[in-house]
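Undergrad: Pasting my_file.pdb below, which is PDB, C-alpha atoms.
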```
ATOM      1  CA  MET A   1     -34.006  18.971  -0.799
ATOM      2  CA  LYS A   2     -33.953  19.244  -4.567
ATOM      3  CA  LEU A   3     -32.715  22.621  -5.674
ATOM      4  CA  PRO A   4     -34.020  24.437  -8.764
ATOM      5  CA  PHE A   5     -30.444  25.032  -9.995
ATOM      6  CA  ILE A   6     -27.161  23.148  -9.584
ATOM      7  CA  GLU A   7     -23.828  24.955  -9.779
ATOM      8  CA  ALA A   8     -21.939  23.262 -12.607
ATOM      9  CA  GLY A   9     -18.643  25.114 -12.764
ATOM     10  CA  GLU A  10     -16.778  28.349 -13.274
ATOM     11  CA  ILE A  11     -15.929  30.176 -16.487
ATOM     12  CA  VAL A  12     -12.150  30.461 -16.314
ATOM     13  CA  THR A  13     -11.286  32.093 -19.637
ATOM     14  CA  THR A  14     -12.335  32.730 -23.212
ATOM     15  CA  HIS A  15     -11.506  30.615 -26.247
ATOM     16  CA  GLY A  16     -11.065  31.747 -29.839
ATOM     17  CA  VAL A  17     -12.585  34.712 -31.636
ATOM     18  CA  ARG A  18     -16.255  33.644 -31.764
ATOM     19  CA  GLY A  19     -17.055  34.168 -28.084
ATOM     20  CA  GLU A  20     -16.617  30.664 -26.677
ATOM     21  CA  VAL A  21     -15.987  30.340 -22.952
ATOM     22  CA  LYS A  22     -13.926  27.720 -21.148
ATOM     23  CA  LEU A  23     -15.766  26.122 -18.224
ATOM     24  CA  LEU A  24     -13.981  24.334 -15.387
ATOM     25  CA  PRO A  25     -16.733  21.834 -14.469
ATOM     26  CA  TRP A  26     -17.613  20.891 -10.901
ATOM     27  CA  LEU A  27     -19.664  17.900 -12.026
ATOM     28  CA  ASP A  28     -18.278  14.365 -12.144
ATOM     29  CA  GLY A  29     -16.803  15.013 -15.584
ATOM     30  CA  PRO A  30     -16.940  17.429 -18.524
ATOM     31  CA  GLU A  31     -18.990  14.939 -20.579
ATOM     32  CA  GLU A  32     -22.068  15.723 -18.454
ATOM     33  CA  MET A  33     -22.391  19.146 -20.128
ATOM     34  CA  LEU A  34     -22.505  17.842 -23.710
ATOM     35  CA  GLU A  35     -26.239  17.109 -23.971
ATOM     36  CA  LEU A  36     -27.522  20.241 -22.225
ATOM     37  CA  THR A  37     -29.194  23.060 -24.133
ATOM     38  CA  ARG A  38     -29.475  25.797 -21.502
ATOM     39  CA  CYS A  39     -27.810  27.256 -18.435
ATOM     40  CA  ARG A  40     -27.871  30.305 -16.158
ATOM     41  CA  ILE A  41     -25.066  32.727 -15.480
ATOM     42  CA  GLY A  42     -25.525  35.574 -13.022
ATOM     43  CA  GLY A  43     -29.287  34.968 -12.931
ATOM     44  CA  ARG A  44     -29.626  35.258 -16.723
ATOM     45  CA  ASP A  45     -30.646  32.366 -18.978
ATOM     46  CA  TYR A  46     -28.435  31.337 -21.903
ATOM     47  CA  GLU A  47     -28.999  28.860 -24.695
ATOM     48  CA  ILE A  48     -26.024  26.511 -25.108
ATOM     49  CA  GLN A  49     -25.472  26.418 -28.882
ATOM     50  CA  SER A  50     -22.586  23.968 -28.643
ATOM     51  CA  ALA A  51     -20.500  22.221 -26.008
ATOM     52  CA  ARG A  52     -17.357  20.184 -26.393
ATOM     53  CA  VAL A  53     -14.724  18.695 -24.146
ATOM     54  CA  GLN A  54     -11.180  20.051 -24.074
ATOM     55  CA  LYS A  55      -9.066  17.981 -21.669
ATOM     56  CA  THR A  56     -10.815  18.351 -18.289
ATOM     57  CA  CYS A  57     -12.829  21.435 -19.293
ATOM     58  CA  ASN A  58     -15.729  22.352 -21.556
ATOM     59  CA  LEU A  59     -15.789  24.869 -24.355
ATOM     60  CA  LEU A  60     -19.244  26.416 -24.551
ATOM     61  CA  LYS A  61     -20.754  28.598 -27.244
ATOM     62  CA  LEU A  62     -23.619  30.576 -25.731
ATOM     63  CA  ALA A  63     -26.306  32.370 -27.726
ATOM     64  CA  GLY A  64     -25.710  36.113 -27.747
ATOM     65  CA  ILE A  65     -22.042  35.810 -26.770
ATOM     66  CA  ASP A  66     -20.339  36.328 -30.124
ATOM     67  CA  THR A  67     -17.110  38.183 -29.383
ATOM     68  CA  PRO A  68     -14.090  37.595 -27.145
ATOM     69  CA  GLU A  69     -15.036  40.777 -25.264
ATOM     70  CA  ALA A  70     -18.547  39.513 -24.505
ATOM     71  CA  ALA A  71     -17.074  36.180 -23.387
ATOM     72  CA  GLN A  72     -14.495  37.968 -21.207
ATOM     73  CA  ALA A  73     -17.331  39.669 -19.299
ATOM     74  CA  LEU A  74     -18.428  36.192 -18.091
ATOM     75  CA  ARG A  75     -15.004  35.211 -16.790
ATOM     76  CA  GLY A  76     -15.040  34.176 -13.119
ATOM     77  CA  LYS A  77     -18.810  33.635 -13.098
ATOM     78  CA  THR A  78     -20.555  30.447 -11.983
ATOM     79  CA  VAL A  79     -22.613  28.452 -14.470
ATOM     80  CA  GLU A  80     -25.826  26.972 -13.088
ATOM     81  CA  LEU A  81     -27.870  24.187 -14.643
ATOM     82  CA  TYR A  82     -31.591  23.621 -14.366
ATOM     83  CA  ARG A  83     -32.113  20.669 -12.012
ATOM     84  CA  GLU A  84     -34.987  19.449 -14.213
ATOM     85  CA  ASP A  85     -32.532  19.034 -17.125
ATOM     86  CA  LEU A  86     -30.331  16.657 -15.109
ATOM     87  CA  ASP A  87     -30.697  12.991 -14.204
ATOM     88  CA  PRO A  88     -33.601  12.804 -11.725
ATOM     89  CA  GLU A  89     -31.856   9.933  -9.902
ATOM     90  CA  ALA A  90     -28.625  11.903  -9.401
ATOM     91  CA  ILE A  91     -28.015  13.488  -6.015
ATOM     92  CA  PHE A  92     -25.742  16.521  -5.854
ATOM     93  CA  ALA A  93     -23.706  17.572  -2.814
ATOM     94  CA  ALA A  94     -25.456  20.954  -2.661
ATOM     95  CA  GLU A  95     -28.786  19.159  -2.208
ATOM     96  CA  LEU A  96     -27.485  17.287   0.842
ATOM     97  CA  ILE A  97     -26.444  20.323   2.888
ATOM     98  CA  GLY A  98     -28.873  20.858   5.760
ATOM     99  CA  MET A  99     -30.360  17.368   5.483
ATOM    100  CA  GLU A 100     -31.298  15.749   8.812
ATOM    101  CA  VAL A 101     -29.287  12.583   9.451
ATOM    102  CA  PHE A 102     -30.587   9.601  11.426
ATOM    103  CA  ALA A 103     -28.732   6.619  12.902
ATOM    104  CA  GLU A 104     -30.697   3.770  14.514
ATOM    105  CA  GLY A 105     -33.891   5.853  14.253
ATOM    106  CA  LYS A 106     -32.445   8.814  16.196
ATOM    107  CA  SER A 107     -31.430  12.190  14.761
ATOM    108  CA  ILE A 108     -27.682  12.756  15.108
ATOM    109  CA  GLY A 109     -27.624  16.190  13.455
ATOM    110  CA  ARG A 110     -27.617  17.872  10.085
ATOM    111  CA  LEU A 111     -25.276  17.333   7.167
ATOM    112  CA  ALA A 112     -23.112  20.451   7.261
ATOM    113  CA  GLU A 113     -20.418  19.787   4.680
ATOM    114  CA  VAL A 114     -19.332  17.356   1.977
ATOM    115  CA  LEU A 115     -15.582  16.754   1.855
ATOM    116  CA  ASP A 116     -14.408  15.502  -1.532
ATOM    117  CA  TYR A 117     -11.529  13.030  -1.267
ATOM    118  CA  PRO A 118     -10.016  10.878  -4.045
ATOM    119  CA  GLY A 119     -11.439   7.587  -2.736
ATOM    120  CA  ASN A 120     -14.899   8.853  -1.823
ATOM    121  CA  ALA A 121     -16.678  11.834  -0.341
ATOM    122  CA  VAL A 122     -17.067  12.190   3.424
ATOM    123  CA  TYR A 123     -20.171  13.713   4.990
ATOM    124  CA  VAL A 124     -19.677  16.005   7.988
ATOM    125  CA  VAL A 125     -22.708  15.767  10.275
ATOM    126  CA  ARG A 126     -23.040  18.253  13.121
ATOM    127  CA  GLY A 127     -25.426  17.935  16.048
ATOM    128  CA  GLU A 128     -24.585  17.420  19.712
ATOM    129  CA  GLU A 129     -21.468  15.744  18.335
ATOM    130  CA  GLU A 130     -19.703  15.877  14.990
ATOM    131  CA  TYR A 131     -19.518  12.779  12.797
ATOM    132  CA  LEU A 132     -17.425  12.040   9.712
ATOM    133  CA  ILE A 133     -19.276   9.468   7.617
ATOM    134  CA  PRO A 134     -17.793   8.024   4.404
ATOM    135  CA  ALA A 135     -20.249   8.391   1.521
ATOM    136  CA  VAL A 136     -20.304   4.696   0.602
ATOM    137  CA  LYS A 137     -23.191   2.217   0.422
ATOM    138  CA  GLN A 138     -22.228   0.326   3.570
ATOM    139  CA  PHE A 139     -22.764   3.471   5.710
ATOM    140  CA  ILE A 140     -25.469   5.381   3.786
ATOM    141  CA  LEU A 141     -28.687   3.364   4.048
ATOM    142  CA  SER A 142     -31.004   5.845   2.320
ATOM    143  CA  THR A 143     -31.246   9.423   1.102
ATOM    144  CA  ASP A 144     -34.661  11.021   0.679
ATOM    145  CA  LEU A 145     -34.491  14.448  -0.971
ATOM    146  CA  GLU A 146     -38.250  14.989  -0.623
ATOM    147  CA  LYS A 147     -38.235  14.418   3.159
ATOM    148  CA  ASN A 148     -34.761  15.986   3.495
ATOM    149  CA  GLU A 149     -33.565  12.942   5.476
ATOM    150  CA  MET A 150     -30.648  10.548   5.355
ATOM    151  CA  ARG A 151     -30.313   7.276   7.261
ATOM    152  CA  VAL A 152     -26.816   6.034   8.120
ATOM    153  CA  VAL A 153     -24.923   3.340   9.982
ATOM    154  CA  LEU A 154     -22.397   4.593  12.514
ATOM    155  CA  LEU A 155     -19.278   2.714  13.500
ATOM    156  CA  GLU A 156     -16.962   3.372  16.409
ATOM    157  CA  GLY A 157     -14.523   6.137  15.523
ATOM    158  CA  MET A 158     -16.849   8.155  13.276
ATOM    159  CA  GLY A 159     -17.781  10.572  16.077
ATOM    160  CA  SER A 160     -15.531  13.429  17.152
ATOM    161  CA  HIS A 161     -16.187  12.516  20.789
ATOM    162  CA  GLU A 162     -14.594   9.085  20.239
ATOM    163  CA  ASP A 163     -10.880   9.869  20.411
TER     164      ASP A 163
END
```
Can the structure in the file be given as structure tokens, please?

TA:
Amino acid sequence: MKLPFIEAGEIVTTHGVRGEVKLLPWLDGPEEMLELTRCRIGGRDYEIQSARVQKTCNLLKLAGIDTPEAAQALRGKTVELYREDLDPEAIFAAELIGMEVFAEGKSIGRLAEVLDYPGNAVYVVRGEEEYLIPAVKQFILSTDLEKNEMRVVLLEGMGSHED
């Protein structure tokens, strides 16, 4: 199901004397933050006045955060983005949790966890059995966020009962 907010990363430190914060992004890359104009931190809305990439992180200048002390108060907090500001075709791991998963027209359980590995993500589906399904096109037939359903192809060895 589409969520109203997507967790985008954690503020890990401050930067400079004008109140910038350094964000460790949880998105596919720090470039995804560059075009955004707003975010939420601790349930409060902030205007993003500027965003730039520094190595694998983002440096953000937020409206109303003008000193290192004000920026320090945000350290360790999670930055959330408005889902409506993001690519409508993108699907985020948080939106998959709890989704009902079907194989050959039969429910096999709910997606309980997304494991992030270097090659690809792996979906953990728990029902009567547990299944580990690679998140690649040959196994994921469809994902419907509106219906909260995913259709998959299972192969021998994906189920925990198949030792």

Undergrad: Counting only C-alpha atoms, what is within 8 Å of Leu141 (chain A), bar same-chain residues fewer than 6 positions away, as a PyMOL selection string?

TA: chain A and resi 150-153

Undergrad: Under the rule that only C-alpha atoms are counted, which of A:Gly76, A:Pro88, A:Pro134, A:Pro4 is the nearest residue to Ile41 (chain A)?

TA: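 Smallest distance to Ile41 (chain A) is found for A:Gly76.
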
Undergrad: Any chance you could resolve the PyMOL selection byres ((chain A and resi 86) around 12) against this file and give the residues as JSON, numbers by chain?

TA: {"A": [2, 3, 4, 5, 6, 7, 8, 27, 32, 33, 34, 35, 36, 37, 38, 39, 80, 81, 82, 83, 84, 85, 87, 88, 89, 90, 91, 92]}

Undergrad: Show me the residues around (-15.0, 11.5, 21.2) - criterion: an atom at most 12 Å away, only C-alpha atoms counted - as a short mmCIF file (atom, residue, chain, number, x, y, z; two decimals) with C-alpha atoms, in the frame of the given file.

TA:
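The result, written out as out_5.cif:
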```
data_model
loop_
_atom_site.label_atom_id
_atom_site.label_comp_id
_atom_site.auth_asym_id
_atom_site.auth_seq_id
_atom_site.Cartn_x
_atom_site.Cartn_y
_atom_site.Cartn_z
CA GLU A 128 -24.58 17.42 19.71
CA GLU A 129 -21.47 15.74 18.34
CA GLU A 130 -19.70 15.88 14.99
CA TYR A 131 -19.52 12.78 12.80
CA LEU A 132 -17.42 12.04 9.71
CA GLU A 156 -16.96 3.37 16.41
CA GLY A 157 -14.52 6.14 15.52
CA MET A 158 -16.85 8.15 13.28
CA GLY A 159 -17.78 10.57 16.08
CA SER A 160 -15.53 13.43 17.15
CA HIS A 161 -16.19 12.52 20.79
CA GLU A 162 -14.59 9.09 20.24
CA ASP A 163 -10.88 9.87 20.41
#
```

Undergrad: Starting from the PyMOL selection byres ((chain A and resi 125) around 6), expand the selection into actual residues of this file and give them as a list in words.

TA: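 Matching residues under the PyMOL selection byres ((chain A and resi 125) around 6) are Gly109, Arg110, Leu111, Ala112, Val124, Arg126, Glu130 and Tyr131 of chain A.
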
Undergrad: Can you pull out every residue within 12 Å of Gly64 (chain A), counting all atoms listed in the file, but drop anything in the same chain fewer than 4 positions away, and send it as JSON, numbers by chain?

TA: {"A": [18, 19, 20, 44, 45, 46, 47, 48, 49, 68, 69, 70, 71]}
